[in-house]
file my_file22.pdb (PDB, C-alpha atoms)
ATOM      1  CA  MET V   1      12.980  -1.645 -10.316
ATOM      2  CA  ILE V   2       9.785  -1.011  -8.402
ATOM      3  CA  GLU V   3       8.709   2.308  -6.933
ATOM      4  CA  ILE V   4       5.763   2.732  -4.574
ATOM      5  CA  THR V   5       4.303   6.151  -3.785
ATOM      6  CA  ASN V   6       1.121   7.528  -2.201
ATOM      7  CA  LEU V   7       0.868   4.496   0.085
ATOM      8  CA  GLU V   8      -2.169   4.799   2.368
ATOM      9  CA  ALA V   9      -4.514   2.638   4.422
ATOM     10  CA  PHE V  10      -8.145   3.314   5.268
ATOM     11  CA  ASN V  11     -10.911   2.123   7.602
ATOM     12  CA  LEU V  12      -8.879   0.783  10.496
ATOM     13  CA  GLU V  13     -11.558   2.141  12.817
ATOM     14  CA  GLY V  14     -14.362   0.332  11.010
ATOM     15  CA  ALA V  15     -12.402  -2.918  10.782
ATOM     16  CA  PHE V  16     -11.638  -2.967  14.514
ATOM     17  CA  ARG V  17     -15.201  -2.032  15.399
ATOM     18  CA  GLY V  18     -16.423  -4.932  13.291
ATOM     19  CA  LEU V  19     -13.871  -7.225  14.919
ATOM     20  CA  ARG V  20     -15.906  -6.947  18.125
ATOM     21  CA  ASN V  21     -19.317  -7.434  16.538
ATOM     22  CA  PRO V  22     -19.521 -11.247  16.958
ATOM     23  CA  MET V  23     -19.383 -10.988  20.778
ATOM     24  CA  ASN V  24     -20.966  -7.524  21.157
ATOM     25  CA  SER V  25     -17.808  -6.595  23.068
ATOM     26  CA  TRP V  26     -17.362  -3.010  21.897
ATOM     27  CA  ASP V  27     -17.067  -1.817  25.501
ATOM     28  CA  LYS V  28     -13.793  -3.754  25.822
ATOM     29  CA  SER V  29     -12.126  -1.838  22.997
ATOM     30  CA  ASP V  30      -9.020   0.098  24.044
ATOM     31  CA  SER V  31      -8.153   1.723  20.706
ATOM     32  CA  ILE V  32      -8.287   5.372  19.648
ATOM     33  CA  PHE V  33      -8.970   6.710  16.164
ATOM     34  CA  GLY V  34      -9.046  10.311  15.071
ATOM     35  CA  PHE V  35      -7.820  13.137  12.883
ATOM     36  CA  GLU V  36      -4.955  15.511  13.504
ATOM     37  CA  THR V  37      -3.774  18.619  11.747
ATOM     38  CA  GLU V  38      -0.130  19.297  10.932
ATOM     39  CA  GLU V  39      -0.604  22.892  12.026
ATOM     40  CA  THR V  40       0.763  23.227  15.556
ATOM     41  CA  ASP V  41      -1.696  25.923  16.574
ATOM     42  CA  LYS V  42      -4.710  23.689  15.951
ATOM     43  CA  ASP V  43      -6.216  21.138  18.329
ATOM     44  CA  LEU V  44      -6.921  17.569  17.338
ATOM     45  CA  ILE V  45     -10.366  17.436  15.795
ATOM     46  CA  LYS V  46     -13.012  14.777  16.299
ATOM     47  CA  VAL V  47     -15.047  13.544  13.325
ATOM     48  CA  ASN V  48     -17.995  11.346  14.299
ATOM     49  CA  ILE V  49     -15.819   9.205  16.561
ATOM     50  CA  ASP V  50     -16.572   8.150  20.127
ATOM     51  CA  TRP V  51     -13.386   8.168  22.168
ATOM     52  CA  VAL V  52     -12.668   5.275  24.510
ATOM     53  CA  LYS V  53     -10.636   5.208  27.714
ATOM     54  CA  VAL V  54      -7.078   3.846  27.705
ATOM     55  CA  ASP V  55      -4.371   3.647  30.352
ATOM     56  CA  VAL V  56      -2.598   6.985  30.669
ATOM     57  CA  PRO V  57       0.536   8.079  32.545
ATOM     58  CA  GLU V  58       0.023   8.631  36.274
ATOM     59  CA  GLU V  59       0.826  12.322  36.055
ATOM     60  CA  VAL V  60      -2.212  12.895  33.869
ATOM     61  CA  ASN V  61      -4.376  10.019  35.085
ATOM     62  CA  SER V  62      -7.549  11.915  35.820
ATOM     63  CA  GLN V  63     -10.872  12.087  34.065
ATOM     64  CA  GLU V  64     -10.487  15.827  33.564
ATOM     65  CA  TYR V  65      -7.239  15.431  31.654
ATOM     66  CA  PHE V  66      -8.352  12.340  29.814
ATOM     67  CA  GLU V  67     -11.412  14.101  28.448
ATOM     68  CA  SER V  68      -9.314  16.937  27.112
ATOM     69  CA  VAL V  69      -8.534  17.178  23.435
ATOM     70  CA  LYS V  70      -4.883  17.794  24.235
ATOM     71  CA  LEU V  71      -4.458  14.435  25.958
ATOM     72  CA  ARG V  72      -6.017  12.560  23.056
ATOM     73  CA  GLU V  73      -3.691  14.484  20.776
ATOM     74  CA  MET V  74      -0.720  13.416  22.896
ATOM     75  CA  TRP V  75      -1.690   9.746  22.719
ATOM     76  CA  LEU V  76      -2.113   9.790  18.974
ATOM     77  CA  LYS V  77       1.147  11.605  18.361
ATOM     78  CA  HIS V  78       3.220   9.278  20.542
ATOM     79  CA  ASN V  79       1.381   5.976  20.183
ATOM     80  CA  GLY V  80      -0.686   6.334  17.042
ATOM     81  CA  ARG V  81       0.244   5.788  13.433
ATOM     82  CA  LYS V  82      -0.786   7.844  10.428
ATOM     83  CA  TYR V  83      -2.810   5.842   7.958
ATOM     84  CA  GLY V  84      -4.671   8.192   5.659
ATOM     85  CA  SER V  85      -4.917  11.762   4.444
ATOM     86  CA  ASN V  86      -7.886  13.778   3.340
ATOM     87  CA  SER V  87     -10.036  10.631   3.355
ATOM     88  CA  LEU V  88     -13.191  12.515   4.365
ATOM     89  CA  GLY V  89     -12.717  15.433   2.025
ATOM     90  CA  LEU V  90     -10.779  17.446   4.585
ATOM     91  CA  THR V  91      -7.962  19.744   3.576
ATOM     92  CA  PRO V  92      -4.627  18.009   2.893
ATOM     93  CA  ASN V  93      -3.317  19.285   6.240
ATOM     94  CA  TYR V  94      -5.398  16.719   8.112
ATOM     95  CA  PHE V  95      -4.254  13.139   8.666
ATOM     96  CA  GLN V  96      -6.018  10.122  10.098
ATOM     97  CA  TYR V  97      -4.372   8.415  13.064
ATOM     98  CA  ALA V  98      -4.927   5.153  14.905
ATOM     99  CA  TYR V  99      -3.755   3.847  18.268
ATOM    100  CA  ILE V 100      -4.525   0.126  18.558
ATOM    101  CA  GLY V 101      -4.617  -0.831  22.226
ATOM    102  CA  PRO V 102      -3.102  -4.087  23.554
ATOM    103  CA  VAL V 103      -6.508  -5.676  24.230
ATOM    104  CA  ASP V 104      -7.750  -5.046  20.689
ATOM    105  CA  MET V 105      -4.416  -6.114  19.216
ATOM    106  CA  GLY V 106      -4.473  -9.339  21.194
ATOM    107  CA  LEU V 107      -7.938 -10.159  19.850
ATOM    108  CA  ALA V 108      -6.879  -9.259  16.309
ATOM    109  CA  GLN V 109      -3.823 -11.500  16.413
ATOM    110  CA  ARG V 110      -5.820 -14.419  17.814
ATOM    111  CA  MET V 111      -8.199 -14.072  14.879
ATOM    112  CA  ILE V 112      -5.266 -13.895  12.456
ATOM    113  CA  SER V 113      -3.816 -17.096  13.890
ATOM    114  CA  ALA V 114      -7.216 -18.807  13.671
ATOM    115  CA  GLY V 115      -7.219 -18.598   9.882
ATOM    116  CA  ALA V 116      -8.663 -16.704   6.925
ATOM    117  CA  SER V 117     -12.312 -17.249   7.866
ATOM    118  CA  ASP V 118     -11.774 -15.696  11.310
ATOM    119  CA  ARG V 119      -9.647 -12.724  10.250
ATOM    120  CA  LYS V 120     -12.278 -11.118   8.041
ATOM    121  CA  PHE V 121     -11.456  -7.749   9.607
ATOM    122  CA  LEU V 122      -8.203  -7.676   7.594
ATOM    123  CA  ARG V 123     -10.273  -7.549   4.402
ATOM    124  CA  GLN V 124     -11.939  -4.393   5.691
ATOM    125  CA  ILE V 125      -8.659  -2.463   5.987
ATOM    126  CA  SER V 126      -8.270  -0.970   2.534
ATOM    127  CA  VAL V 127      -4.972   0.062   0.937
ATOM    128  CA  CYS V 128      -4.201   2.290  -2.027
ATOM    129  CA  MET V 129      -0.811   2.919  -3.633
ATOM    130  CA  ASP V 130       0.804   3.967  -6.904
ATOM    131  CA  ILE V 131       3.218   1.326  -8.232
ATOM    132  CA  ASP V 132       5.730   1.865 -11.026
ATOM    133  CA  ALA V 133       7.060  -1.565 -11.967
ATOM    134  CA  PRO V 134       8.118  -3.602 -15.021
ATOM    135  CA  LEU V 135       5.587  -5.713 -16.892
ATOM    136  CA  LEU V 136       7.383  -8.862 -15.755
ATOM    137  CA  TRP V 137       6.399  -8.028 -12.155
ATOM    138  CA  TRP V 138       2.869  -6.922 -13.037
ATOM    139  CA  LYS V 139       2.304 -10.256 -14.805
ATOM    140  CA  GLU V 140       2.783 -12.017 -11.481
ATOM    141  CA  ALA V 141       1.001  -9.415  -9.358
ATOM    142  CA  ASP V 142      -2.031  -9.785 -11.627
ATOM    143  CA  GLN V 143      -2.498 -13.301 -10.243
ATOM    144  CA  TYR V 144      -4.045 -11.686  -7.159
ATOM    145  CA  ARG V 145      -7.538 -10.885  -8.399
ATOM    146  CA  ILE V 146      -9.624 -11.028  -5.217
ATOM    147  CA  ALA V 147     -10.500  -7.590  -3.822
ATOM    148  CA  THR V 148      -7.939  -5.845  -6.041
ATOM    149  CA  VAL V 149      -8.333  -3.116  -8.654
ATOM    150  CA  THR V 150      -5.661  -1.522 -10.837
ATOM    151  CA  ASN V 151      -5.876   1.524 -13.064
ATOM    152  CA  SER V 152      -2.841   1.727 -15.322
ATOM    153  CA  CYS V 153      -1.145   4.230 -17.539
ATOM    154  CA  SER V 154      -2.204   3.170 -21.027
ATOM    155  CA  THR V 155       0.344   1.458 -23.247
ATOM    156  CA  MET V 156      -2.156   1.513 -26.103
ATOM    157  CA  HIS V 157      -2.744   5.269 -25.968
ATOM    158  CA  LYS V 158       0.622   6.627 -24.790
ATOM    159  CA  LEU V 159       3.345   4.207 -25.929
ATOM    160  CA  ALA V 160       4.038   6.160 -29.130
ATOM    161  CA  SER V 161       3.898   9.627 -27.571
ATOM    162  CA  THR V 162       7.391   9.837 -26.030
ATOM    163  CA  PRO V 163      10.857   8.573 -27.020
ATOM    164  CA  ILE V 164      11.663   4.992 -26.010
ATOM    165  CA  THR V 165      14.973   4.967 -24.128
ATOM    166  CA  ARG V 166      16.741   2.750 -21.621
ATOM    167  CA  GLU V 167      15.185   4.816 -18.816
ATOM    168  CA  CYS V 168      11.760   3.442 -19.807
ATOM    169  CA  PHE V 169      12.769  -0.058 -18.693
ATOM    170  CA  SER V 170      13.881  -1.941 -15.616
ATOM    171  CA  PHE V 171      16.943  -3.823 -16.793
ATOM    172  CA  SER V 172      19.228  -5.628 -14.388
ATOM    173  CA  LYS V 173      22.717  -4.157 -14.170
ATOM    174  CA  ASP V 174      24.209  -7.501 -13.146
ATOM    175  CA  LEU V 175      24.251  -9.153 -16.567
ATOM    176  CA  PRO V 176      26.900 -10.462 -18.994
ATOM    177  CA  MET V 177      28.223  -7.682 -21.215
ATOM    178  CA  GLU V 178      26.689  -9.127 -24.385
ATOM    179  CA  CYS V 179      23.212  -8.787 -22.831
ATOM    180  CA  PHE V 180      23.546  -5.004 -22.819
ATOM    181  CA  ASP V 181      24.181  -5.063 -26.569
ATOM    182  CA  VAL V 182      21.005  -7.101 -27.060
ATOM    183  CA  GLN V 183      19.053  -4.639 -24.924
ATOM    184  CA  ASP V 184      20.344  -1.680 -26.918
ATOM    185  CA  THR V 185      19.361  -3.383 -30.159
ATOM    186  CA  ILE V 186      15.822  -3.983 -28.912
ATOM    187  CA  ILE V 187      15.474  -0.428 -27.585
ATOM    188  CA  ASP V 188      16.654   1.011 -30.906
ATOM    189  CA  ALA V 189      14.237  -1.232 -32.785
ATOM    190  CA  CYS V 190      11.324  -0.122 -30.587
ATOM    191  CA  GLU V 191      12.170   3.539 -31.054
ATOM    192  CA  ASP V 192      12.495   3.070 -34.835
ATOM    193  CA  LEU V 193       9.036   1.456 -34.989
ATOM    194  CA  ARG V 194       7.596   4.251 -32.842
ATOM    195  CA  LEU V 195       8.960   6.901 -35.199
ATOM    196  CA  LYS V 196       7.685   5.070 -38.269
ATOM    197  CA  TYR V 197       4.225   4.728 -36.749
ATOM    198  CA  ASN V 198       4.078   8.421 -35.879
ATOM    199  CA  ALA V 199       5.224   9.373 -39.392
ATOM    200  CA  THR V 200       2.869   7.069 -41.292
ATOM    201  CA  LYS V 201       0.073   6.193 -38.819
ATOM    202  CA  ASP V 202       0.360   2.698 -40.252
ATOM    203  CA  SER V 203      -1.047   0.454 -37.497
ATOM    204  CA  ARG V 204       1.260  -2.372 -38.555
ATOM    205  CA  TYR V 205       4.229  -0.510 -37.060
ATOM    206  CA  TRP V 206       2.324  -0.004 -33.818
ATOM    207  CA  ARG V 207       1.415  -3.705 -33.731
ATOM    208  CA  ALA V 208       5.039  -4.691 -34.279
ATOM    209  CA  LEU V 209       6.105  -2.328 -31.491
ATOM    210  CA  ILE V 210       3.637  -3.880 -29.041
ATOM    211  CA  GLU V 211       4.737  -7.391 -29.995
ATOM    212  CA  ILE V 212       8.464  -6.873 -29.386
ATOM    213  CA  LEU V 213       8.209  -4.580 -26.345
ATOM    214  CA  PRO V 214      10.310  -6.235 -23.594
ATOM    215  CA  GLU V 215       8.755  -7.255 -20.281
ATOM    216  CA  GLY V 216      11.192  -4.895 -18.613
ATOM    217  CA  TRP V 217       8.961  -2.001 -19.741
ATOM    218  CA  ASN V 218       7.900   0.078 -16.727
ATOM    219  CA  GLN V 219       4.210   0.716 -16.217
ATOM    220  CA  LYS V 220       2.586   2.826 -13.519
ATOM    221  CA  ARG V 221      -0.685   1.690 -11.958
ATOM    222  CA  THR V 222      -2.810   2.838  -9.060
ATOM    223  CA  PHE V 223      -3.419  -0.330  -7.053
ATOM    224  CA  THR V 224      -6.073  -0.941  -4.389
ATOM    225  CA  CYS V 225      -6.407  -4.002  -2.196
ATOM    226  CA  ASN V 226      -6.660  -4.853   1.515
ATOM    227  CA  TYR V 227      -4.533  -6.178   4.357
ATOM    228  CA  GLU V 228      -5.641  -9.789   3.778
ATOM    229  CA  THR V 229      -4.586  -9.676   0.124
ATOM    230  CA  LEU V 230      -1.231  -8.165   1.060
ATOM    231  CA  ARG V 231      -0.722 -10.857   3.703
ATOM    232  CA  THR V 232      -1.307 -13.520   1.046
ATOM    233  CA  MET V 233       1.113 -11.814  -1.347
ATOM    234  CA  VAL V 234       3.801 -11.612   1.342
ATOM    235  CA  ASP V 235       3.393 -15.245   2.337
ATOM    236  CA  GLN V 236       3.475 -16.556  -1.239
ATOM    237  CA  ARG V 237       6.206 -14.310  -2.664
ATOM    238  CA  LYS V 238       8.622 -13.886   0.250
ATOM    239  CA  HIS V 239      11.185 -16.292  -1.303
ATOM    240  CA  HIS V 240      10.714 -15.226  -4.918
ATOM    241  CA  ARG V 241      13.714 -14.813  -7.235
ATOM    242  CA  LEU V 242      12.552 -11.416  -8.497
ATOM    243  CA  GLN V 243      14.091  -8.613  -6.453
ATOM    244  CA  GLU V 244      10.981  -6.529  -7.141
ATOM    245  CA  TRP V 245       8.959  -8.776  -4.828
ATOM    246  CA  HIS V 246      11.388  -8.258  -1.969
ATOM    247  CA  ASP V 247      11.351  -4.501  -2.544
ATOM    248  CA  PHE V 248       7.546  -4.528  -2.651
ATOM    249  CA  ILE V 249       7.298  -6.492   0.607
ATOM    250  CA  SER V 250       9.797  -4.171   2.272
ATOM    251  CA  GLU V 251       7.652  -1.133   1.425
ATOM    252  CA  LEU V 252       4.607  -2.720   3.086
ATOM    253  CA  HIS V 253       6.258  -2.308   6.487
ATOM    254  CA  LYS V 254       5.417   1.403   6.168
ATOM    255  CA  LEU V 255       1.695   0.686   6.477
ATOM    256  CA  PRO V 256       0.168   1.254   9.936
ATOM    257  CA  TYR V 257       0.513  -1.818  12.173
ATOM    258  CA  ALA V 258       1.791  -3.854   9.230
ATOM    259  CA  ASP V 259       4.184  -5.848  11.404
ATOM    260  CA  GLU V 260       1.424  -6.664  13.887
ATOM    261  CA  LEU V 261      -1.237  -7.513  11.278
ATOM    262  CA  ILE V 262       0.018  -8.197   7.735
ATOM    263  CA  PHE V 263       3.288  -9.857   8.808
ATOM    264  CA  TYR V 264       2.096 -11.379  12.094
ATOM    265  CA  GLY V 265       3.013 -15.044  12.349
ATOM    266  CA  LEU V 266       4.628 -15.255   8.901
ATOM    267  CA  GLU V 267       7.992 -16.978   8.968
ATOM    268  CA  GLY V 268      10.972 -16.187   6.775
ATOM    269  CA  VAL V 269      10.015 -12.653   5.798
ATOM    270  CA  LYS V 270      12.898 -10.213   5.386
ATOM    271  CA  ASP V 271      12.442  -6.623   6.631
TER     272      ASP V 271
END

call {"tool": "encode", "arguments": {"input": "my_file22.pdb", "output": "structure tokens"}}
result
Amino acid sequence: MIEITNLEAFNLEGAFRGLRNPMNSWDKSDSIFGFETEETDKDLIKVNIDWVKVDVPEEVNSQEYFESVKLREMWLKHNGRKYGSNSLGLTPNYFQYAYIGPVDMGLAQRMISAGASDRKFLRQISVCMDIDAPLLWWKEADQYRIATVTNSCSTMHKLASTPITRECFSFSKDLPMECFDVQDTIIDACEDLRLKYNATKDSRYWRALIEILPEGWNQKRTFTCNYETLRTMVDQRKHHRLQEWHDFISELHKLPYADELIFYGLEGVKD
């Protein structure tokens, strides 16, 4: 079992601005970035962002309409993708949107195809998520150390504070019947050690509990990384035997422009 919540991306605008730095070609950018409120009676707001011109439908193809806030709002709602909330200290009703134009996307994908040294902009798109997953998955995810940070719920401080039951673990349901008996025995043993530790405060019981705790134990962590790290994880784990990796990769499709950036050019990846 793996559960991902609070999945957000940040700094698409900065990453795509930097993408054009090597050739000083900012004037060729055709992307739009901005903030929108969920409240229907509010206009789209602009926060220190210079808007750039994009192709618009003929019926509204005039400078007067293009310069209007309403037209920018229309483009973001229909072509943009939400990628962050409250990232500048705004109220939770405001969300950050991005519309990546075809010219910018073409440049981005050429840099992606050119290799890691040329797609540095992917490292500037930050991602944050909460992941609840078993220790057996975290052991493998911890192999990705570059540009990643995790802040976990503490096993040391909180393991003994609540009853240890089957719901605390990710156990496969597709197992031989005798395996369930083994699992129940281990769970009962863990709970017995927890109770003895709480009753006596004898650290030997706590040590024994830590030592026999199965790798199916679920742990929640807040995980930060970037699009380049996620691309590496997808490419290296797409054929893994653990179902958790496939579920993790599937969730990444929810990130803005994930298919066009994280998954671009990767073969054999299941949606």

call {"tool": "resolve_selection", "arguments": {"input": "my_file22.pdb", "expression": "the PyMOL selection byres ((chain V and resi 24-28) around 12)", "output": "PDB file with C-alpha atoms, in the frame of the given file"}}
result
ATOM      1  CA  GLU V  13     -11.558   2.141  12.817  1.00  0.00           C
ATOM      2  CA  GLY V  14     -14.362   0.332  11.010  1.00  0.00           C
ATOM      3  CA  PHE V  16     -11.638  -2.967  14.514  1.00  0.00           C
ATOM      4  CA  ARG V  17     -15.201  -2.032  15.399  1.00  0.00           C
ATOM      5  CA  GLY V  18     -16.423  -4.932  13.291  1.00  0.00           C
ATOM      6  CA  LEU V  19     -13.871  -7.225  14.919  1.00  0.00           C
ATOM      7  CA  ARG V  20     -15.906  -6.947  18.125  1.00  0.00           C
ATOM      8  CA  ASN V  21     -19.317  -7.434  16.538  1.00  0.00           C
ATOM      9  CA  PRO V  22     -19.521 -11.247  16.958  1.00  0.00           C
ATOM     10  CA  MET V  23     -19.383 -10.988  20.778  1.00  0.00           C
ATOM     11  CA  SER V  29     -12.126  -1.838  22.997  1.00  0.00           C
ATOM     12  CA  ASP V  30      -9.020   0.098  24.044  1.00  0.00           C
ATOM     13  CA  SER V  31      -8.153   1.723  20.706  1.00  0.00           C
ATOM     14  CA  ASP V  50     -16.572   8.150  20.127  1.00  0.00           C
ATOM     15  CA  TRP V  51     -13.386   8.168  22.168  1.00  0.00           C
ATOM     16  CA  VAL V  52     -12.668   5.275  24.510  1.00  0.00           C
ATOM     17  CA  LYS V  53     -10.636   5.208  27.714  1.00  0.00           C
ATOM     18  CA  VAL V  54      -7.078   3.846  27.705  1.00  0.00           C
ATOM     19  CA  GLY V 101      -4.617  -0.831  22.226  1.00  0.00           C
ATOM     20  CA  PRO V 102      -3.102  -4.087  23.554  1.00  0.00           C
ATOM     21  CA  VAL V 103      -6.508  -5.676  24.230  1.00  0.00           C
ATOM     22  CA  ASP V 104      -7.750  -5.046  20.689  1.00  0.00           C
ATOM     23  CA  MET V 105      -4.416  -6.114  19.216  1.00  0.00           C
ATOM     24  CA  GLY V 106      -4.473  -9.339  21.194  1.00  0.00           C
ATOM     25  CA  LEU V 107      -7.938 -10.159  19.850  1.00  0.00           C
TER      26      LEU V 107
END

call {"tool": "closest_residue", "arguments": {"input": "my_file22.pdb", "among": "V:Met111, V:Val149, V:Met177, V:Ala9", "to": "V:Gln124", "atoms": "only C-alpha atoms"}}
result
V:Ala9

call {"tool": "axis_aligned_box", "arguments": {"input": "my_file22.pdb", "around": "stretch 137-141 of chain V", "padding_each_side": "5 Å", "output": "AutoDock Vina command-line options"}}
result
--center_x 3.7 --center_y -9.5 --center_z -12.1 --size_x 15.4 --size_y 15.1 --size_z 15.4

call {"tool": "atom_distance", "arguments": {"input": "my_file22.pdb", "atom1": "atom CA of V:Leu230", "atom2": "atom CA of V:Asn218"}}
result
21.6 Å

call {"tool": "closest_residue", "arguments": {"input": "my_file22.pdb", "among": "V:Asp247, V:Asp202, V:Asp118, V:Glu215", "to": "V:Phe171", "atoms": "only C-alpha atoms"}}
result
V:Glu215

call {"tool": "residues_around", "arguments": {"input": "my_file22.pdb", "residues": "stretch 150-159 of chain V", "least_positions_apart": "3", "cutoff": "12 Å", "atoms": "all atoms listed in the file", "output": "PyMOL selection string"}}
result
chain V and resi 127-133+135+138+141-142+144-147+162-165+168+190-191+193-195+197-198+203+206-207+209-211+213+217-225

call {"tool": "resolve_selection", "arguments": {"input": "my_file22.pdb", "expression": "the PyMOL selection byres ((chain V and resi 262) around 10)", "output": "VMD selection string"}}
result
chain V and resid 112 122 226 to 235 252 to 253 255 to 261 263 to 266

call {"tool": "atom_distance", "arguments": {"input": "my_file22.pdb", "atom1": "atom CA of V:Ala108", "atom2": "atom CA of V:Ala15"}}
result
10.1 Å

call {"tool": "atom_distance", "arguments": {"input": "my_file22.pdb", "atom1": "atom CA of V:Phe248", "atom2": "atom CA of V:Gly216"}}
result
16.4 Å

call {"tool": "closest_residue", "arguments": {"input": "my_file22.pdb", "among": "V:Val182, V:Leu136, V:Ile125, V:Ala160", "to": "V:Trp245", "atoms": "only C-alpha atoms"}}
result
V:Leu136
